[in-house]
file run38.cif (mmCIF, C-alpha atoms; chains and numbers go by the auth columns)
data_upload
#
loop_
_atom_site.group_PDB
_atom_site.id
_atom_site.type_symbol
_atom_site.label_atom_id
_atom_site.label_comp_id
_atom_site.label_asym_id
_atom_site.label_seq_id
_atom_site.Cartn_x
_atom_site.Cartn_y
_atom_site.Cartn_z
_atom_site.B_iso_or_equiv
_atom_site.auth_seq_id
_atom_site.auth_asym_id
ATOM 1 C CA GLU A 1 -8.099 -22.685 -31.103 0.00 1 Z
ATOM 2 C CA THR A 2 -4.730 -22.719 -29.459 0.00 2 Z
ATOM 3 C CA GLY A 3 -3.397 -21.857 -26.022 0.00 3 Z
ATOM 4 C CA VAL A 4 -5.780 -20.563 -23.392 0.00 4 Z
ATOM 5 C CA THR A 5 -9.015 -18.841 -24.373 0.00 5 Z
ATOM 6 C CA GLN A 6 -11.383 -16.831 -22.219 0.00 6 Z
ATOM 7 C CA THR A 7 -14.923 -15.625 -22.803 0.00 7 Z
ATOM 8 C CA PRO A 8 -16.298 -13.063 -22.669 0.00 8 Z
ATOM 9 C CA ARG A 9 -13.474 -10.600 -23.130 0.00 9 Z
ATOM 10 C CA HIS A 10 -15.519 -7.787 -21.611 0.00 10 Z
ATOM 11 C CA LEU A 11 -18.417 -7.947 -19.166 0.00 11 Z
ATOM 12 C CA VAL A 12 -20.476 -5.266 -17.500 0.00 12 Z
ATOM 13 C CA MET A 13 -22.822 -6.434 -14.791 0.00 13 Z
ATOM 14 C CA GLY A 14 -24.968 -4.970 -12.064 0.00 14 Z
ATOM 15 C CA MET A 15 -24.513 -5.923 -8.444 0.00 15 Z
ATOM 16 C CA THR A 16 -27.594 -8.147 -8.466 0.00 16 Z
ATOM 17 C CA ASN A 17 -26.702 -10.049 -11.645 0.00 17 Z
ATOM 18 C CA LYS A 18 -25.368 -13.573 -11.986 0.00 18 Z
ATOM 19 C CA LYS A 19 -22.830 -14.246 -14.690 0.00 19 Z
ATOM 20 C CA SER A 20 -20.095 -16.739 -15.479 0.00 20 Z
ATOM 21 C CA LEU A 21 -16.612 -16.441 -16.921 0.00 21 Z
ATOM 22 C CA LYS A 22 -15.337 -19.287 -19.048 0.00 22 Z
ATOM 23 C CA CYS A 23 -11.792 -20.494 -19.635 0.00 23 Z
ATOM 24 C CA GLU A 24 -10.634 -23.256 -21.953 0.00 24 Z
ATOM 25 C CA GLN A 25 -7.115 -24.565 -22.384 0.00 25 Z
ATOM 26 C CA HIS A 26 -5.986 -26.464 -25.474 0.00 26 Z
ATOM 27 C CA LEU A 27 -2.557 -27.401 -24.150 0.00 27 Z
ATOM 28 C CA GLY A 28 -3.287 -30.730 -22.453 0.00 28 Z
ATOM 29 C CA HIS A 29 -2.351 -29.308 -19.049 0.00 29 Z
ATOM 30 C CA ASN A 30 -3.501 -30.741 -15.724 0.00 30 Z
ATOM 31 C CA ALA A 31 -3.688 -27.605 -13.572 0.00 31 Z
ATOM 32 C CA MET A 32 -5.774 -24.454 -14.017 0.00 32 Z
ATOM 33 C CA TYR A 33 -5.836 -21.158 -12.158 0.00 33 Z
ATOM 34 C CA TRP A 34 -7.914 -18.004 -11.688 0.00 34 Z
ATOM 35 C CA TYR A 35 -6.174 -14.695 -11.000 0.00 35 Z
ATOM 36 C CA LYS A 36 -7.513 -11.231 -10.319 0.00 36 Z
ATOM 37 C CA GLN A 37 -5.625 -8.176 -11.575 0.00 37 Z
ATOM 38 C CA SER A 38 -6.741 -4.853 -10.129 0.00 38 Z
ATOM 39 C CA ALA A 39 -5.346 -1.463 -11.012 0.00 39 Z
ATOM 40 C CA LYS A 40 -3.489 -0.957 -7.773 0.00 40 Z
ATOM 41 C CA LYS A 41 -2.618 -4.463 -6.629 0.00 41 Z
ATOM 42 C CA PRO A 42 -0.316 -7.165 -7.875 0.00 42 Z
ATOM 43 C CA LEU A 43 -1.772 -10.202 -9.571 0.00 43 Z
ATOM 44 C CA GLU A 44 -3.706 -12.133 -6.944 0.00 44 Z
ATOM 45 C CA LEU A 45 -4.140 -15.884 -7.111 0.00 45 Z
ATOM 46 C CA MET A 46 -7.762 -16.789 -6.451 0.00 46 Z
ATOM 47 C CA PHE A 47 -8.219 -20.496 -7.103 0.00 47 Z
ATOM 48 C CA VAL A 48 -6.116 -23.461 -8.167 0.00 48 Z
ATOM 49 C CA TYR A 49 -7.391 -26.703 -9.662 0.00 49 Z
ATOM 50 C CA SER A 50 -5.164 -29.726 -10.084 0.00 50 Z
ATOM 51 C CA LEU A 51 -6.550 -32.759 -11.882 0.00 51 Z
ATOM 52 C CA GLU A 52 -10.012 -31.155 -11.646 0.00 52 Z
ATOM 53 C CA GLU A 53 -9.843 -30.926 -7.869 0.00 53 Z
ATOM 54 C CA ARG A 54 -9.739 -27.555 -6.139 0.00 54 Z
ATOM 55 C CA VAL A 55 -6.524 -27.442 -4.166 0.00 55 Z
ATOM 56 C CA GLU A 56 -6.388 -23.794 -3.232 0.00 56 Z
ATOM 57 C CA ASN A 57 -8.923 -21.147 -2.324 0.00 57 Z
ATOM 58 C CA ASN A 58 -6.996 -18.029 -1.528 0.00 58 Z
ATOM 59 C CA SER A 59 -9.464 -16.462 0.917 0.00 59 Z
ATOM 60 C CA VAL A 60 -11.786 -15.477 -1.883 0.00 60 Z
ATOM 61 C CA PRO A 61 -15.290 -14.234 -0.964 0.00 61 Z
ATOM 62 C CA SER A 62 -18.096 -16.700 -1.585 0.00 62 Z
ATOM 63 C CA ARG A 63 -19.643 -14.453 -4.238 0.00 63 Z
ATOM 64 C CA PHE A 64 -16.988 -15.989 -6.503 0.00 64 Z
ATOM 65 C CA SER A 65 -17.606 -19.675 -7.164 0.00 65 Z
ATOM 66 C CA PRO A 66 -15.243 -21.694 -9.372 0.00 66 Z
ATOM 67 C CA GLU A 67 -16.068 -24.843 -11.259 0.00 67 Z
ATOM 68 C CA CYS A 68 -13.782 -27.240 -13.121 0.00 68 Z
ATOM 69 C CA PRO A 69 -15.869 -29.892 -14.921 0.00 69 Z
ATOM 70 C CA ASN A 70 -12.833 -31.366 -16.704 0.00 70 Z
ATOM 71 C CA SER A 71 -9.141 -30.653 -17.153 0.00 71 Z
ATOM 72 C CA SER A 72 -9.735 -28.389 -20.152 0.00 72 Z
ATOM 73 C CA HIS A 73 -12.450 -26.115 -18.788 0.00 73 Z
ATOM 74 C CA LEU A 74 -12.663 -23.736 -15.881 0.00 74 Z
ATOM 75 C CA PHE A 75 -15.519 -21.455 -14.916 0.00 75 Z
ATOM 76 C CA LEU A 76 -15.884 -18.611 -12.474 0.00 76 Z
ATOM 77 C CA HIS A 77 -19.475 -18.026 -11.419 0.00 77 Z
ATOM 78 C CA LEU A 78 -20.236 -14.534 -10.190 0.00 78 Z
ATOM 79 C CA HIS A 79 -23.170 -13.324 -8.097 0.00 79 Z
ATOM 80 C CA THR A 80 -23.965 -10.218 -6.061 0.00 80 Z
ATOM 81 C CA LEU A 81 -20.626 -8.648 -6.820 0.00 81 Z
ATOM 82 C CA GLN A 82 -19.402 -5.324 -5.495 0.00 82 Z
ATOM 83 C CA PRO A 83 -17.931 -2.426 -7.468 0.00 83 Z
ATOM 84 C CA GLU A 84 -14.497 -3.211 -5.999 0.00 84 Z
ATOM 85 C CA ASP A 85 -14.640 -6.553 -7.795 0.00 85 Z
ATOM 86 C CA SER A 86 -14.149 -4.719 -11.081 0.00 86 Z
ATOM 87 C CA ALA A 87 -10.854 -6.008 -12.472 0.00 87 Z
ATOM 88 C CA LEU A 88 -9.189 -8.089 -15.147 0.00 88 Z
ATOM 89 C CA TYR A 89 -9.731 -11.786 -14.446 0.00 89 Z
ATOM 90 C CA LEU A 90 -7.068 -14.009 -15.883 0.00 90 Z
ATOM 91 C CA CYS A 91 -7.123 -17.739 -16.354 0.00 91 Z
ATOM 92 C CA ALA A 92 -3.961 -19.810 -16.638 0.00 92 Z
ATOM 93 C CA SER A 93 -2.959 -23.423 -17.037 0.00 93 Z
ATOM 94 C CA SER A 94 0.206 -25.445 -16.464 0.00 94 Z
ATOM 95 C CA GLN A 95 1.525 -28.958 -16.588 0.00 95 Z
ATOM 96 C CA ASP A 96 2.723 -29.808 -13.145 0.00 96 Z
ATOM 97 C CA ASN A 97 4.248 -33.161 -12.268 0.00 97 Z
ATOM 98 C CA GLY A 98 4.845 -32.834 -8.552 0.00 98 Z
ATOM 99 C CA GLY A 99 8.285 -31.545 -7.682 0.00 99 Z
ATOM 100 C CA VAL A 100 8.830 -29.429 -10.773 0.00 100 Z
ATOM 101 C CA SER A 101 7.197 -26.058 -11.270 0.00 101 Z
ATOM 102 C CA TYR A 102 6.539 -25.430 -14.934 0.00 102 Z
ATOM 103 C CA GLU A 103 5.461 -22.155 -16.432 0.00 103 Z
ATOM 104 C CA GLN A 104 1.842 -21.112 -16.521 0.00 104 Z
ATOM 105 C CA TYR A 105 0.208 -20.061 -19.763 0.00 105 Z
ATOM 106 C CA PHE A 106 -2.343 -17.289 -19.530 0.00 106 Z
ATOM 107 C CA GLY A 107 -5.476 -16.394 -21.399 0.00 107 Z
ATOM 108 C CA PRO A 108 -6.258 -12.850 -22.588 0.00 108 Z
ATOM 109 C CA GLY A 109 -8.471 -12.153 -19.582 0.00 109 Z
ATOM 110 C CA THR A 110 -12.015 -10.924 -19.016 0.00 110 Z
ATOM 111 C CA ARG A 111 -12.346 -7.227 -18.188 0.00 111 Z
ATOM 112 C CA LEU A 112 -15.163 -7.104 -15.633 0.00 112 Z
ATOM 113 C CA THR A 113 -16.954 -3.928 -14.635 0.00 113 Z
ATOM 114 C CA VAL A 114 -19.471 -4.038 -11.807 0.00 114 Z
ATOM 115 C CA THR A 115 -21.929 -1.145 -11.777 0.00 115 Z
ATOM 116 C CA ALA B 1 6.671 -15.909 3.360 0.00 1 D
ATOM 117 C CA GLN B 2 7.578 -15.433 -0.250 0.00 2 D
ATOM 118 C CA LYS B 3 7.698 -11.994 -1.738 0.00 3 D
ATOM 119 C CA VAL B 4 8.749 -10.416 -5.013 0.00 4 D
ATOM 120 C CA THR B 5 9.722 -6.769 -5.285 0.00 5 D
ATOM 121 C CA GLN B 6 9.978 -4.813 -8.499 0.00 6 D
ATOM 122 C CA ALA B 7 11.017 -1.427 -7.271 0.00 7 D
ATOM 123 C CA GLN B 8 10.784 0.274 -10.655 0.00 8 D
ATOM 124 C CA THR B 9 7.156 1.176 -11.249 0.00 9 D
ATOM 125 C CA GLU B 10 7.712 2.805 -14.619 0.00 10 D
ATOM 126 C CA ILE B 11 10.661 3.120 -16.989 0.00 11 D
ATOM 127 C CA SER B 12 10.755 5.171 -20.157 0.00 12 D
ATOM 128 C CA VAL B 13 13.620 5.020 -22.624 0.00 13 D
ATOM 129 C CA VAL B 14 14.294 5.922 -26.212 0.00 14 D
ATOM 130 C CA GLU B 15 14.392 3.186 -28.807 0.00 15 D
ATOM 131 C CA LYS B 16 17.731 1.337 -29.152 0.00 16 D
ATOM 132 C CA GLU B 17 18.726 2.026 -25.582 0.00 17 D
ATOM 133 C CA ASP B 18 19.481 -0.879 -23.267 0.00 18 D
ATOM 134 C CA VAL B 19 17.233 -1.203 -20.239 0.00 19 D
ATOM 135 C CA THR B 20 17.376 -3.378 -17.124 0.00 20 D
ATOM 136 C CA LEU B 21 14.345 -4.346 -15.067 0.00 21 D
ATOM 137 C CA ASP B 22 15.099 -5.246 -11.475 0.00 22 D
ATOM 138 C CA CYS B 23 13.564 -8.089 -9.486 0.00 23 D
ATOM 139 C CA VAL B 24 14.354 -8.984 -5.880 0.00 24 D
ATOM 140 C CA TYR B 25 12.743 -11.952 -4.173 0.00 25 D
ATOM 141 C CA GLU B 26 12.387 -13.411 -0.699 0.00 26 D
ATOM 142 C CA THR B 27 11.913 -17.060 0.113 0.00 27 D
ATOM 143 C CA ARG B 28 12.890 -19.499 2.820 0.00 28 D
ATOM 144 C CA ASP B 29 12.934 -22.464 0.476 0.00 29 D
ATOM 145 C CA THR B 30 16.113 -23.805 -1.060 0.00 30 D
ATOM 146 C CA THR B 31 14.183 -25.056 -4.086 0.00 31 D
ATOM 147 C CA TYR B 32 12.201 -22.453 -5.956 0.00 32 D
ATOM 148 C CA TYR B 33 11.503 -21.155 -9.437 0.00 33 D
ATOM 149 C CA LEU B 34 11.659 -17.685 -10.894 0.00 34 D
ATOM 150 C CA PHE B 35 9.750 -16.422 -13.906 0.00 35 D
ATOM 151 C CA TRP B 36 9.412 -13.360 -16.078 0.00 36 D
ATOM 152 C CA TYR B 37 6.207 -12.529 -17.918 0.00 37 D
ATOM 153 C CA LYS B 38 5.370 -9.766 -20.372 0.00 38 D
ATOM 154 C CA GLN B 39 1.912 -8.184 -20.460 0.00 39 D
ATOM 155 C CA PRO B 40 1.316 -6.127 -23.618 0.00 40 D
ATOM 156 C CA PRO B 41 -1.690 -3.788 -23.872 0.00 41 D
ATOM 157 C CA SER B 42 -3.842 -6.688 -25.068 0.00 42 D
ATOM 158 C CA GLY B 43 -3.752 -8.006 -21.491 0.00 43 D
ATOM 159 C CA GLU B 44 -2.465 -11.537 -21.964 0.00 44 D
ATOM 160 C CA LEU B 45 0.590 -12.486 -19.924 0.00 45 D
ATOM 161 C CA VAL B 46 3.279 -13.948 -22.134 0.00 46 D
ATOM 162 C CA PHE B 47 5.796 -16.329 -20.596 0.00 47 D
ATOM 163 C CA LEU B 48 9.425 -15.294 -21.151 0.00 48 D
ATOM 164 C CA ILE B 49 11.638 -17.446 -18.953 0.00 49 D
ATOM 165 C CA ARG B 50 11.712 -19.938 -16.080 0.00 50 D
ATOM 166 C CA ARG B 51 14.754 -20.496 -13.910 0.00 51 D
ATOM 167 C CA ASN B 52 15.157 -22.914 -11.012 0.00 52 D
ATOM 168 C CA SER B 53 17.143 -22.083 -7.899 0.00 53 D
ATOM 169 C CA PHE B 54 19.917 -24.550 -8.698 0.00 54 D
ATOM 170 C CA ASP B 55 20.729 -23.028 -12.048 0.00 55 D
ATOM 171 C CA GLU B 56 22.554 -19.723 -11.678 0.00 56 D
ATOM 172 C CA GLN B 57 23.719 -19.548 -15.257 0.00 57 D
ATOM 173 C CA ASN B 58 22.731 -16.375 -16.976 0.00 58 D
ATOM 174 C CA GLU B 59 20.598 -16.760 -20.047 0.00 59 D
ATOM 175 C CA ILE B 60 20.471 -14.900 -23.316 0.00 60 D
ATOM 176 C CA SER B 61 17.690 -15.124 -25.855 0.00 61 D
ATOM 177 C CA GLY B 62 18.123 -12.704 -28.715 0.00 62 D
ATOM 178 C CA ARG B 63 17.928 -9.185 -27.300 0.00 63 D
ATOM 179 C CA TYR B 64 16.789 -10.480 -23.909 0.00 64 D
ATOM 180 C CA SER B 65 19.102 -11.584 -21.127 0.00 65 D
ATOM 181 C CA TRP B 66 18.606 -12.541 -17.510 0.00 66 D
ATOM 182 C CA ASN B 67 21.024 -12.271 -14.595 0.00 67 D
ATOM 183 C CA PHE B 68 20.241 -14.584 -11.672 0.00 68 D
ATOM 184 C CA GLN B 69 22.249 -13.956 -8.491 0.00 69 D
ATOM 185 C CA LYS B 70 21.339 -15.976 -5.411 0.00 70 D
ATOM 186 C CA SER B 71 23.762 -13.999 -3.265 0.00 71 D
ATOM 187 C CA THR B 72 21.628 -10.897 -3.701 0.00 72 D
ATOM 188 C CA SER B 73 18.299 -12.702 -4.287 0.00 73 D
ATOM 189 C CA SER B 74 17.914 -10.956 -7.605 0.00 74 D
ATOM 190 C CA PHE B 75 16.750 -12.006 -11.047 0.00 75 D
ATOM 191 C CA ASN B 76 17.182 -9.016 -13.322 0.00 76 D
ATOM 192 C CA PHE B 77 16.054 -8.747 -16.925 0.00 77 D
ATOM 193 C CA THR B 78 17.888 -6.736 -19.578 0.00 78 D
ATOM 194 C CA ILE B 79 16.622 -5.768 -22.998 0.00 79 D
ATOM 195 C CA THR B 80 19.390 -4.771 -25.382 0.00 80 D
ATOM 196 C CA ALA B 81 18.702 -2.349 -28.229 0.00 81 D
ATOM 197 C CA SER B 82 15.116 -1.847 -27.134 0.00 82 D
ATOM 198 C CA GLN B 83 12.308 -1.559 -29.665 0.00 83 D
ATOM 199 C CA VAL B 84 8.873 0.050 -29.510 0.00 84 D
ATOM 200 C CA VAL B 85 7.291 -3.424 -29.536 0.00 85 D
ATOM 201 C CA ASP B 86 8.979 -4.099 -26.190 0.00 86 D
ATOM 202 C CA SER B 87 6.613 -1.627 -24.550 0.00 87 D
ATOM 203 C CA ALA B 88 4.593 -3.571 -21.993 0.00 88 D
ATOM 204 C CA VAL B 89 4.269 -4.310 -18.303 0.00 89 D
ATOM 205 C CA TYR B 90 6.814 -6.877 -17.168 0.00 90 D
ATOM 206 C CA PHE B 91 6.230 -9.109 -14.172 0.00 91 D
ATOM 207 C CA CYS B 92 8.692 -11.116 -12.157 0.00 92 D
ATOM 208 C CA ALA B 93 7.247 -14.081 -10.244 0.00 93 D
ATOM 209 C CA LEU B 94 8.342 -16.697 -7.728 0.00 94 D
ATOM 210 C CA SER B 95 7.099 -20.227 -7.126 0.00 95 D
ATOM 211 C CA GLU B 96 8.272 -22.438 -4.326 0.00 96 D
ATOM 212 C CA ASP B 97 8.234 -26.224 -4.447 0.00 97 D
ATOM 213 C CA PRO B 98 4.733 -27.298 -5.434 0.00 98 D
ATOM 214 C CA ILE B 99 3.077 -28.156 -2.134 0.00 99 D
ATOM 215 C CA ILE B 100 -0.491 -28.430 -3.277 0.00 100 D
ATOM 216 C CA GLN B 101 -0.895 -31.674 -5.160 0.00 101 D
ATOM 217 C CA GLY B 102 1.333 -30.846 -8.053 0.00 102 D
ATOM 218 C CA ALA B 103 0.031 -27.357 -8.738 0.00 103 D
ATOM 219 C CA GLN B 104 1.996 -24.238 -8.049 0.00 104 D
ATOM 220 C CA LYS B 105 1.425 -20.905 -6.380 0.00 105 D
ATOM 221 C CA LEU B 106 2.964 -18.023 -8.272 0.00 106 D
ATOM 222 C CA VAL B 107 3.673 -14.859 -6.334 0.00 107 D
ATOM 223 C CA PHE B 108 4.010 -11.848 -8.618 0.00 108 D
ATOM 224 C CA GLY B 109 5.786 -8.561 -8.183 0.00 109 D
ATOM 225 C CA GLN B 110 3.948 -5.308 -8.794 0.00 110 D
ATOM 226 C CA GLY B 111 5.208 -5.115 -12.345 0.00 111 D
ATOM 227 C CA THR B 112 7.288 -2.550 -14.212 0.00 112 D
ATOM 228 C CA ARG B 113 5.667 -0.559 -16.982 0.00 113 D
ATOM 229 C CA LEU B 114 8.229 -0.145 -19.744 0.00 114 D
ATOM 230 C CA THR B 115 7.697 2.444 -22.449 0.00 115 D
ATOM 231 C CA ILE B 116 9.987 2.538 -25.441 0.00 116 D
ATOM 232 C CA ASN B 117 9.731 5.835 -27.296 0.00 117 D
ATOM 233 C CA PRO B 118 10.576 6.084 -31.001 0.00 118 D
#
call {"tool": "encode", "arguments": {"input": "run38.cif", "output": "C-alpha cells"}}
result
Amino acid sequence: ETGVTQTPRHLVMGMTNKKSLKCEQHLGHNAMYWYKQSAKKPLELMFVYSLEERVENNSVPSRFSPECPNSSHLFLHLHTLQPEDSALYLCASSQDNGGVSYEQYFGPGTRLTVT
Amino acid sequence: AQKVTQAQTEISVVEKEDVTLDCVYETRDTTYYLFWYKQPPSGELVFLIRRNSFDEQNEISGRYSWNFQKSTSSFNFTITASQVVDSAVYFCALSEDPIIQGAQKLVFGQGTRLTINP
C-alpha cells in the first residue's frame, strides 16, 4: 500500500448505528487530519493530530469522536449521526516540522450516507 | 481571519483551449503558504503545488503554470492546451504559519469545477 488509504470507501448507516472510519498513511508523516466535504460547503477541517496528540477540534459535534493510536493510523468513530452528516470524509497526512507548512496528502475518502 | 475565494464555480472549455482558474486570498500574516489541489471524480485530492509567501516567482510544470501576485493577493492557475483528463474540481488553499504544535490548518476555497469537452 502506498500513500493514504481509507476504509470503507462507502458507508450507509442509520441514525442509531455506531460505525468507524479508518485511515492509514504509509508516508512516515507526523500529522494527520480529518476533513468533511459536503455538497454545498467548502472542505471543512474537523480534527488535527500532531505526533498522535489532538491539537485541533474545529467545533465538531461530540457524535464524531477521533482516535489516533499511532502516527500511521487515524479513526473517526461515529454514533447517533444525523442525515446532515452525510458527506465525503477525507483523511490527510503531512510532515510538519514547526515553522514550515508542507503539503497534505489525501486519501480517497469515505462516502457516508446517514438514513 | 484567513479566507480563500474562488469566484468561478464552473468553467467549461473545449479541448486544447487555455484556461485560467482564479484564486484570491485574505490573511493578516506575513508568512503563509498557498496550495492548489485537484479532485478528480474518484474523490481523492491530488496535490499540485505549494508556494510560500516569500517566493513570488511564477512556476511552470508542463502544461500547468501558476501566477502568484502578493500585490493583488492572488494565486492563479493556468492550464495550457487543456485535455479531457484535466476535468476535475480544483481547490486553492491557504495555510498560515503552523501555530498548533507543528501541524497546519488549511483553509480551502469553494473549488472550481473544470470541464474539458472533446
call {"tool": "resolve_selection", "arguments": {"input": "run38.cif", "expression": "the PyMOL selection byres ((chain D) within 12 of (chain Z))", "output": "PyMOL selection string"}}
result
chain D and resi 3-6+9+31-53+89-112
call {"tool": "write_last_selection", "arguments": {"input": "run38.cif", "atoms": "C-alpha atoms", "output": "PDB file, keeping the file's coordinate frame"}}
result
ATOM      1  CA  LYS D   3       7.698 -11.994  -1.738  1.00  0.00           C
ATOM      2  CA  VAL D   4       8.749 -10.416  -5.013  1.00  0.00           C
ATOM      3  CA  THR D   5       9.722  -6.769  -5.285  1.00  0.00           C
ATOM      4  CA  GLN D   6       9.978  -4.813  -8.499  1.00  0.00           C
ATOM      5  CA  THR D   9       7.156   1.176 -11.249  1.00  0.00           C
ATOM      6  CA  THR D  31      14.183 -25.056  -4.086  1.00  0.00           C
ATOM      7  CA  TYR D  32      12.201 -22.453  -5.956  1.00  0.00           C
ATOM      8  CA  TYR D  33      11.503 -21.155  -9.437  1.00  0.00           C
ATOM      9  CA  LEU D  34      11.659 -17.685 -10.894  1.00  0.00           C
ATOM     10  CA  PHE D  35       9.750 -16.422 -13.906  1.00  0.00           C
ATOM     11  CA  TRP D  36       9.412 -13.360 -16.078  1.00  0.00           C
ATOM     12  CA  TYR D  37       6.207 -12.529 -17.918  1.00  0.00           C
ATOM     13  CA  LYS D  38       5.370  -9.766 -20.372  1.00  0.00           C
ATOM     14  CA  GLN D  39       1.912  -8.184 -20.460  1.00  0.00           C
ATOM     15  CA  PRO D  40       1.316  -6.127 -23.618  1.00  0.00           C
ATOM     16  CA  PRO D  41      -1.690  -3.788 -23.872  1.00  0.00           C
ATOM     17  CA  SER D  42      -3.842  -6.688 -25.068  1.00  0.00           C
ATOM     18  CA  GLY D  43      -3.752  -8.006 -21.491  1.00  0.00           C
ATOM     19  CA  GLU D  44      -2.465 -11.537 -21.964  1.00  0.00           C
ATOM     20  CA  LEU D  45       0.590 -12.486 -19.924  1.00  0.00           C
ATOM     21  CA  VAL D  46       3.279 -13.948 -22.134  1.00  0.00           C
ATOM     22  CA  PHE D  47       5.796 -16.329 -20.596  1.00  0.00           C
ATOM     23  CA  LEU D  48       9.425 -15.294 -21.151  1.00  0.00           C
ATOM     24  CA  ILE D  49      11.638 -17.446 -18.953  1.00  0.00           C
ATOM     25  CA  ARG D  50      11.712 -19.938 -16.080  1.00  0.00           C
ATOM     26  CA  ARG D  51      14.754 -20.496 -13.910  1.00  0.00           C
ATOM     27  CA  ASN D  52      15.157 -22.914 -11.012  1.00  0.00           C
ATOM     28  CA  SER D  53      17.143 -22.083  -7.899  1.00  0.00           C
ATOM     29  CA  VAL D  89       4.269  -4.310 -18.303  1.00  0.00           C
ATOM     30  CA  TYR D  90       6.814  -6.877 -17.168  1.00  0.00           C
ATOM     31  CA  PHE D  91       6.230  -9.109 -14.172  1.00  0.00           C
ATOM     32  CA  CYS D  92       8.692 -11.116 -12.157  1.00  0.00           C
ATOM     33  CA  ALA D  93       7.247 -14.081 -10.244  1.00  0.00           C
ATOM     34  CA  LEU D  94       8.342 -16.697  -7.728  1.00  0.00           C
ATOM     35  CA  SER D  95       7.099 -20.227  -7.126  1.00  0.00           C
ATOM     36  CA  GLU D  96       8.272 -22.438  -4.326  1.00  0.00           C
ATOM     37  CA  ASP D  97       8.234 -26.224  -4.447  1.00  0.00           C
ATOM     38  CA  PRO D  98       4.733 -27.298  -5.434  1.00  0.00           C
ATOM     39  CA  ILE D  99       3.077 -28.156  -2.134  1.00  0.00           C
ATOM     40  CA  ILE D 100      -0.491 -28.430  -3.277  1.00  0.00           C
ATOM     41  CA  GLN D 101      -0.895 -31.674  -5.160  1.00  0.00           C
ATOM     42  CA  GLY D 102       1.333 -30.846  -8.053  1.00  0.00           C
ATOM     43  CA  ALA D 103       0.031 -27.357  -8.738  1.00  0.00           C
ATOM     44  CA  GLN D 104       1.996 -24.238  -8.049  1.00  0.00           C
ATOM     45  CA  LYS D 105       1.425 -20.905  -6.380  1.00  0.00           C
ATOM     46  CA  LEU D 106       2.964 -18.023  -8.272  1.00  0.00           C
ATOM     47  CA  VAL D 107       3.673 -14.859  -6.334  1.00  0.00           C
ATOM     48  CA  PHE D 108       4.010 -11.848  -8.618  1.00  0.00           C
ATOM     49  CA  GLY D 109       5.786  -8.561  -8.183  1.00  0.00           C
ATOM     50  CA  GLN D 110       3.948  -5.308  -8.794  1.00  0.00           C
ATOM     51  CA  GLY D 111       5.208  -5.115 -12.345  1.00  0.00           C
ATOM     52  CA  THR D 112       7.288  -2.550 -14.212  1.00  0.00           C
TER      53      THR D 112
END
call {"tool": "atom_distance", "arguments": {"input": "run38.cif", "atom1": "CA of Thr80 in chain D", "atom2": "CA of Tyr25 in chain D"}}
result
23.4 Å
call {"tool": "closest_residue", "arguments": {"input": "run38.cif", "among": "D:Ser65, D:Asn76, D:Ser82, D:Ser87", "to": "Cys23 in chain D", "atoms": "all atoms listed in the file"}}
result
D:Asn76
call {"tool": "closest_residue", "arguments": {"input": "run38.cif", "among": "Z:Thr115, Z:Asn57, Z:Gln25, Z:Gln82", "to": "Thr2 in chain Z", "atoms": "all atoms listed in the file"}}
result
Z:Gln25
call {"tool": "atom_distance", "arguments": {"input": "run38.cif", "atom1": "CA of Arg63 in chain D", "atom2": "CA of Ala81 in chain D"}}
result
6.9 Å
call {"tool": "closest_residue", "arguments": {"input": "run38.cif", "among": "D:Asn117, D:Thr20, D:Gln8, D:Gln57", "to": "Gln83 in chain D", "atoms": "all atoms listed in the file"}}
result
D:Asn117
call {"tool": "resolve_selection", "arguments": {"input": "run38.cif", "expression": "the PyMOL selection byres ((chain Z and resi 84) around 12)", "output": "PyMOL selection string"}}
result
chain Z and resi 15+36-41+80-83+85-88+112-115
call {"tool": "resolve_selection", "arguments": {"input": "run38.cif", "expression": "the PyMOL selection byres ((chain Z and resi 58-68) around 6)", "output": "list in words"}}
result
Met46, Glu52, Asn57, Pro69, Asn70, His73, Leu74, Phe75, Leu76, His77, Leu78 and His79 of chain Z
call {"tool": "atom_distance", "arguments": {"input": "run38.cif", "atom1": "CA of Phe54 in chain D", "atom2": "CA of Ala1 in chain D"}}
result
19.9 Å
call {"tool": "axis_aligned_box", "arguments": {"input": "run38.cif", "around": "range 33-51 of chain Z", "padding_each_side": "4 Å", "output": "JSON"}}
result
{"center_x": -4.3, "center_y": -16.9, "center_z": -9.3, "size_x": 15.9, "size_y": 39.8, "size_z": 13.7}
call {"tool": "residues_near_point", "arguments": {"input": "run38.cif", "point": "(5.4, -0.3, -22.0)", "cutoff": "7 Å", "atoms": "only C-alpha atoms", "output": "list in words"}}
result
Asp86, Ser87, Ala88, Val89, Arg113, Leu114, Thr115 and Ile116 of chain D
call {"tool": "write_last_selection", "arguments": {"input": "run38.cif", "atoms": "C-alpha atoms", "output": "CSV table (one decimal), in the coordinates of the input"}}
result
chain,number,residue,atom,x,y,z
D,86,ASP,CA,9.0,-4.1,-26.2
D,87,SER,CA,6.6,-1.6,-24.6
D,88,ALA,CA,4.6,-3.6,-22.0
D,89,VAL,CA,4.3,-4.3,-18.3
D,113,ARG,CA,5.7,-0.6,-17.0
D,114,LEU,CA,8.2,-0.1,-19.7
D,115,THR,CA,7.7,2.4,-22.4
D,116,ILE,CA,10.0,2.5,-25.4
call {"tool": "closest_residue", "arguments": {"input": "run38.cif", "among": "D:Thr30, D:Asp22, D:Ser71, D:Glu56", "to": "Glu10 in chain D", "atoms": "only C-alpha atoms"}}
result
D:Asp22
call {"tool": "residues_around", "arguments": {"input": "run38.cif", "residues": "Thr78 in chain D", "least_positions_apart": "5", "cutoff": "8 Å", "atoms": "all atoms listed in the file", "output": "ChimeraX atom specification"}}
result
/D:18-21,64-66
